[in-house]
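Working notes for the structure below.
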Amino acid sequence: MISKLSHPAITFEDVWFSYSSSEPILRGINLHINEGDAVAILGENGAGKTTLIKHLNGLLKPTQGNVYIYGENTKSKSVAELSRKVGVIFQNPDHQLFAETVEEEVSFALKNFNYPAHVVSLRVEKILKMLDLWEYRKSSPFSLSGGERKRVAIASILSYDPSIIAMDEPTVGQDYAQKQKLSEIIRLLQIQGKTIIVVTHDIEFVCENFSKTIILSKGNVLAYDFTRNILTNFELLLKAHLLPPQIPYLASRFNSILPKNVLYVWEMRNEILRVMGRLTV
Amino acid sequence: MSLGIFQGFKFNRNNTILHNLDPRAKLVYILSVLTLSLIFSELYPMLILFLSTIPLVIIARSLNEWLRSMRGGFMIILMIFLLNYFLLPAENALSLSISLALRFLTIFSVFSIFFMTTYPENLAIALIKLKAPYDYTLTFTMALRFIPTLAKEAQTIIDAQRSRGLELESRNFIIRIKRLIPILIPLFINSLRRASQIAEAMESRAFGYSSKRSYFHELNFTLYDILFTLSCIILTSLGLYIKFYLGYSETLVLARPWP
């Protein structure tokens with residue numbers, strides 16, 4: 001426990017990575033992510049976001065520099081060992097679903113990690129109920145809708161309770177209700193004290209769910225700060241080829257009367273009421 | 001998972017004489033080498049035939065890819081050699097099994113040269129010019145086109161399953177095969193799904209609208225192609241002449257230490 005407290009959950013130390021004989025994708029990444037943080041990673045296509053999270057469970061090892069998970073170097077650990085602590089949820093659920101029933105699919109990782117049968121069934125029940133998949137437990141994962149398949153993929157990772165959870169583009173192809181569901185899951189995981197890292201292009205989703213944001217650009221960390229500071233800094237967003245979220249954008253259009261760092265609808269409402277009050281007085 | 005064997009069958013964009021030859025001329029070359037390697041089963045002709053493919057690999061500037069796929073195919077070659085060596089009821093078992101392994105290597109090598117230097121689109125046009133039905137040609141070239149895509153997808157699936165604690169390495173062969181199931185099922189399902197998506201996308205772009213099609217690239221048979229084809233035909237005829245008219249047979253006999 002003491003060692004956990006004295007180390008950040010994730011440390012990147014001057015990490016360079018390139019696939020053999022090609023341009024480096026990561027160019028000297030330095031990062032510290034503390035335990036319990038919810039961090040979004042933003043960046044244009046090809047910035048190295050997916051490559052970065054593949055370093056968390058050792059699927060990729062840095063060609064130069066080191067990655068530490070709770071102070072342990074990923075170079076000395078196998079993917080299976082690291083996956084016990086870091087759950088990586090891939091973008092496309094169809095790249096992992098293979099079992100005959102949802103139940104079996106979700107228990108796959110638990111069985112790989114050698115959990116006893118009664119623990120497996122308890123964990124599977126808990127996670128399926130948490131993600132509203134209990135009624136589908138006997139159905140084939142392939143018969144489910146896109147959003148449900150995504151939730152099965154998420155369940156199959158959450159089932160073994162990793163303390164760091166990384167998701168690659170979880171909102172792609174999800175309708176509004178599914179996205180709300182996903183926000184709920186992320187909030188729940190945060191309450192449980194999990195460290196959450198999410199790669200996404202969905203800037204409104206970042207706004208609503210993450211306290212900190214990293215911007216990657218061309219294999220470098222362009223910025224790592226509180227989400228509010230990043231998403232209201234238009235110069236920075238422009239540099240990373242990102243569009244500002246709607247509320248800060250609206251605030252910027254009322255530059256002279258509204259403060260610049262408004263991020264949420266309720267803040268905007270309060271500001272508008274404040275300004276209107278001032279006008280009527 | 002070793003996909004190195006495919007390296008020598010992938011088109012590379014070098015610009016060499018071999019790359020610029022008409023695919024039909026190269027098909028004649030394949031046919032000639034196939035004929036020669038099938039009529040001879042003696043050691044020296046097979047060795048000459050095999051060695052004759054190497055300068056072409058060098059001309060095509062593809063030696064590295066070729067070597068990599070040779071290395072990938074090493075197990076198959078070894079199997080051919082060993083099976084023949086131990087099981088052939090012939091006096092010259094050693095020389096015969098070496099020539100049979102060489103025959104495989106030669107065929108492997110010419111096909112590798114062909115695919116490394118022939119742009120799939122041009123191959124399709126050549127096949128159509130040779131009156132092959134368009135649907136079959138398209139199936140063939142699309143299959144080639146999707147090998148790298150499939151390899152990439154296989155890697156993603158392997159990554160996803162390893163993230164769920166799947167360990168592919170095991171000393172037990174049966175367990176290793178069993179552990180491939182979580183990789184093969186998504187790969188098959190995605191391939192089938194993709195096939196139907198491609199079919200829909202092609203139909204929505206009027207595929208099959210009329211039986212006559214126009215082509216973006218045109219092939220023309222140049223002087224080089226004629227010379228190359230002629231030399232292939234002459235060399236093959238020479239081989240046939242030596243084998244059947246002069247009745248070539250080998251005096252050198254390499255036997256097994258046991259009968």
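Here, A, B, ... name the chains of the structure tokens in the order displayed, residue numbers run from 1 inside each chain, and ligands are numbered from 1 in the same displayed order.
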
- At a cut-off of 7 Å, list the chain A residues touching chain B, using only C-alpha atoms, as a VMD selection string. chain A and resid 59 79 to 80 83 87 to 88 90 94 to 98 109 112 to 113 157

Put those residues in a file: N, CA and C atoms, as a PDB file, in the first residue's frame.
ATOM      1  N   LEU A  59       1.630  -4.026 -24.312  1.00  0.00           N
ATOM      2  CA  LEU A  59       1.470  -4.540 -25.680  1.00  0.00           C
ATOM      3  C   LEU A  59       2.576  -3.964 -26.549  1.00  0.00           C
ATOM      4  N   VAL A  79       2.611  -9.047 -20.729  1.00  0.00           N
ATOM      5  CA  VAL A  79       1.329  -8.385 -20.974  1.00  0.00           C
ATOM      6  C   VAL A  79       0.277  -8.917 -19.994  1.00  0.00           C
ATOM      7  N   ALA A  80       0.290 -10.227 -19.759  1.00  0.00           N
ATOM      8  CA  ALA A  80      -0.717 -10.816 -18.871  1.00  0.00           C
ATOM      9  C   ALA A  80      -0.570 -10.269 -17.449  1.00  0.00           C
ATOM     10  N   SER A  83      -1.756  -6.702 -17.479  1.00  0.00           N
ATOM     11  CA  SER A  83      -3.198  -6.590 -17.721  1.00  0.00           C
ATOM     12  C   SER A  83      -3.994  -6.811 -16.438  1.00  0.00           C
ATOM     13  N   GLY A  87      -6.540  -2.510 -17.347  1.00  0.00           N
ATOM     14  CA  GLY A  87      -7.485  -3.058 -18.313  1.00  0.00           C
ATOM     15  C   GLY A  87      -7.567  -2.141 -19.508  1.00  0.00           C
ATOM     16  N   VAL A  88      -7.230  -2.661 -20.697  1.00  0.00           N
ATOM     17  CA  VAL A  88      -7.332  -1.826 -21.901  1.00  0.00           C
ATOM     18  C   VAL A  88      -8.546  -2.274 -22.695  1.00  0.00           C
ATOM     19  N   PHE A  90     -10.496  -2.006 -26.086  1.00  0.00           N
ATOM     20  CA  PHE A  90     -10.213  -1.601 -27.466  1.00  0.00           C
ATOM     21  C   PHE A  90     -11.428  -0.937 -28.112  1.00  0.00           C
ATOM     22  N   ASP A  94     -15.858  -5.839 -31.883  1.00  0.00           N
ATOM     23  CA  ASP A  94     -15.816  -7.014 -32.765  1.00  0.00           C
ATOM     24  C   ASP A  94     -14.417  -7.604 -32.885  1.00  0.00           C
ATOM     25  N   HIS A  95     -13.420  -6.877 -32.373  1.00  0.00           N
ATOM     26  CA  HIS A  95     -12.067  -7.432 -32.389  1.00  0.00           C
ATOM     27  C   HIS A  95     -11.807  -8.349 -31.214  1.00  0.00           C
ATOM     28  N   GLN A  96     -12.794  -8.528 -30.343  1.00  0.00           N
ATOM     29  CA  GLN A  96     -12.522  -9.418 -29.223  1.00  0.00           C
ATOM     30  C   GLN A  96     -13.643 -10.395 -28.910  1.00  0.00           C
ATOM     31  N   LEU A  97     -14.869 -10.125 -29.376  1.00  0.00           N
ATOM     32  CA  LEU A  97     -15.962 -11.032 -29.015  1.00  0.00           C
ATOM     33  C   LEU A  97     -15.825 -12.355 -29.766  1.00  0.00           C
ATOM     34  N   PHE A  98     -15.894 -13.457 -29.042  1.00  0.00           N
ATOM     35  CA  PHE A  98     -15.772 -14.755 -29.711  1.00  0.00           C
ATOM     36  C   PHE A  98     -16.600 -15.848 -29.057  1.00  0.00           C
ATOM     37  N   ALA A 109     -11.617 -13.399 -19.291  1.00  0.00           N
ATOM     38  CA  ALA A 109     -10.415 -12.867 -18.630  1.00  0.00           C
ATOM     39  C   ALA A 109     -10.271 -13.459 -17.230  1.00  0.00           C
ATOM     40  N   ASN A 112      -8.774 -16.724 -17.481  1.00  0.00           N
ATOM     41  CA  ASN A 112      -7.345 -16.615 -17.824  1.00  0.00           C
ATOM     42  C   ASN A 112      -6.518 -16.295 -16.590  1.00  0.00           C
ATOM     43  N   PHE A 113      -7.097 -15.482 -15.696  1.00  0.00           N
ATOM     44  CA  PHE A 113      -6.351 -15.104 -14.491  1.00  0.00           C
ATOM     45  C   PHE A 113      -6.554 -16.112 -13.366  1.00  0.00           C
ATOM     46  N   ILE A 157     -13.679  -6.486 -19.451  1.00  0.00           N
ATOM     47  CA  ILE A 157     -12.467  -5.956 -18.801  1.00  0.00           C
ATOM     48  C   ILE A 157     -12.757  -5.626 -17.334  1.00  0.00           C
TER      49      ILE A 157
END

- Distance query stretch 197-207 of chain A at most 10 Å, only C-alpha atoms, self and fewer than 5 positions along chain excluded, as a PyMOL selection string: chain A and resi 33+37-45+49-50+52-53+88-89+91+164-172+179-180+182-183+186+212-214+227-228+231+242-247+263-264

- From the list B:Tyr245, B:Tyr44, B:Phe221, B:Trp66, which residue is nearest B:Val110 when using only C-alpha atoms? B:Trp66

- Extract the full set of alpha helix (DSSP H) residues from stretch 183-212 of chain B according to DSSP on the backbone, and format it as number ranges by chain. B: 183-203

- Do you have the atom CA of A:Leu222-atom CA of A:Gly58 distance handy? 23.6 Å

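Take the candidates B:Leu123, B:Ala201, B:Met46, B:Leu83 and check each one against B:Leu102 using only C-alpha atoms; the shortest distance goes to B:Met46.
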
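Remark: for A:Pro62, the closest of the candidate residues A:Phe108, A:Tyr249, A:Phe254, A:Phe12 is A:Phe12 (distances computed over only C-alpha atoms).
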
- Quick one: everything within 8 Å of A:Gly193, counting only C-alpha atoms, minus sequence neighbours fewer than 6 positions away in the same chain. Send it as a PyMOL selection string. chain A and resi 35-36+163

Export N, CA, C and O atoms of the chosen residues as a short mmCIF file (atom, residue, chain, number, x, y, z; two decimals), in the first residue's frame?
data_model
loop_
_atom_site.label_atom_id
_atom_site.label_comp_id
_atom_site.auth_asym_id
_atom_site.auth_seq_id
_atom_site.Cartn_x
_atom_site.Cartn_y
_atom_site.Cartn_z
N GLU A 35 -3.04 8.17 -8.99
CA GLU A 35 -4.09 7.20 -8.76
C GLU A 35 -5.42 7.92 -8.53
O GLU A 35 -5.48 8.94 -7.85
N GLY A 36 -6.47 7.41 -9.15
CA GLY A 36 -7.80 7.97 -8.97
C GLY A 36 -8.14 9.10 -9.92
O GLY A 36 -9.25 9.62 -9.91
N SER A 163 -7.11 -1.88 -11.59
CA SER A 163 -7.18 -0.59 -10.91
C SER A 163 -6.96 0.58 -11.87
O SER A 163 -7.28 1.71 -11.54
#

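Pairwise distance (atom CA of B:Glu200, atom CA of A:Ala99) equals 27.6 Å.
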
- Item | Nearby residues (only C-alpha atoms) at most 10 Å from B:Ser99, same-chain spacing under 4 positions excluded, as a ChimeraX atom specification | /B:37,40-47,50,81,93-95,103-105

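From atom CA of A:Thr11 back to atom CA of A:Tyr68, the distance works out to 5.0 Å.
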
- Query: If you count only C-alpha atoms, which residues fall within 7 Å of A:Lys150, apart from same-chain ones fewer than 4 positions away, as a ChimeraX atom specification?
  - Reply: /A:93,146,154

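Residues in contact with A:Asp14 at 6 Å, where only C-alpha atoms are counted and same-chain residues fewer than 2 positions away are skipped, are listed as Gly28, Ile29, Asn30 and Gly65 of chain A.
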
- Task: DSSP on the backbone, then: every residue of stretch 48-266 of chain A marked strand (DSSP E or B), written as a VMD selection string.
- Result: chain A and resid 64 to 69 72 to 73 86 to 89 164 to 168 195 to 199 212 to 217 220 to 226

Put those residues in a file: C-alpha atoms, as a PDB file, in the first residue's frame.
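What ended up in again-v1.pdb:
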ATOM      1  CA  GLN A  64      13.650   4.374 -25.731  1.00  0.00           C
ATOM      2  CA  GLY A  65      12.707   5.542 -22.220  1.00  0.00           C
ATOM      3  CA  ASN A  66      10.561   3.786 -19.626  1.00  0.00           C
ATOM      4  CA  VAL A  67       6.942   3.318 -18.628  1.00  0.00           C
ATOM      5  CA  TYR A  68       6.186   2.591 -14.969  1.00  0.00           C
ATOM      6  CA  ILE A  69       2.920   1.219 -13.629  1.00  0.00           C
ATOM      7  CA  GLU A  72       7.214  -1.090 -11.898  1.00  0.00           C
ATOM      8  CA  ASN A  73       8.900  -0.915 -15.271  1.00  0.00           C
ATOM      9  CA  VAL A  86      -4.347  -2.247 -16.364  1.00  0.00           C
ATOM     10  CA  GLY A  87      -7.485  -3.058 -18.313  1.00  0.00           C
ATOM     11  CA  VAL A  88      -7.332  -1.826 -21.901  1.00  0.00           C
ATOM     12  CA  ILE A  89     -10.665  -1.662 -23.709  1.00  0.00           C
ATOM     13  CA  ILE A 164      -6.278   1.340 -14.070  1.00  0.00           C
ATOM     14  CA  ILE A 165      -8.759   1.380 -16.936  1.00  0.00           C
ATOM     15  CA  ALA A 166      -7.855   2.653 -20.396  1.00  0.00           C
ATOM     16  CA  MET A 167     -10.481   3.018 -23.122  1.00  0.00           C
ATOM     17  CA  ASP A 168      -9.832   3.676 -26.789  1.00  0.00           C
ATOM     18  CA  THR A 195      -7.587   5.548 -12.518  1.00  0.00           C
ATOM     19  CA  ILE A 196      -9.279   6.149 -15.858  1.00  0.00           C
ATOM     20  CA  ILE A 197      -7.652   7.096 -19.130  1.00  0.00           C
ATOM     21  CA  VAL A 198      -9.809   7.631 -22.171  1.00  0.00           C
ATOM     22  CA  VAL A 199      -8.730   8.368 -25.715  1.00  0.00           C
ATOM     23  CA  LYS A 212      -7.851  16.495 -16.482  1.00  0.00           C
ATOM     24  CA  THR A 213      -6.945  16.438 -20.157  1.00  0.00           C
ATOM     25  CA  ILE A 214      -3.842  15.632 -22.134  1.00  0.00           C
ATOM     26  CA  ILE A 215      -3.394  16.960 -25.646  1.00  0.00           C
ATOM     27  CA  LEU A 216      -1.125  14.959 -27.865  1.00  0.00           C
ATOM     28  CA  SER A 217       0.232  16.322 -31.089  1.00  0.00           C
ATOM     29  CA  ASN A 220       4.413  14.908 -28.077  1.00  0.00           C
ATOM     30  CA  VAL A 221       2.455  16.094 -25.043  1.00  0.00           C
ATOM     31  CA  LEU A 222       1.305  19.531 -26.120  1.00  0.00           C
ATOM     32  CA  ALA A 223      -0.520  20.192 -22.839  1.00  0.00           C
ATOM     33  CA  TYR A 224      -1.529  18.393 -19.659  1.00  0.00           C
ATOM     34  CA  ASP A 225      -3.758  20.384 -17.351  1.00  0.00           C
ATOM     35  CA  PHE A 226      -7.223  20.669 -15.834  1.00  0.00           C
TER      36      PHE A 226
END

- Task: For B:Ser109, work out the shell of residues within 12 Å, counting only C-alpha atoms and skipping chain neighbours fewer than 3 positions away, then give it as JSON, numbers by chain.
- Result: {"B": [5, 8, 9, 29, 30, 33, 34, 37, 49, 50, 51, 52, 53, 54, 55, 56, 57, 62, 63, 65, 66, 67, 68, 69, 70, 73, 102, 103, 104, 105, 106, 112, 113, 114, 115, 116]}
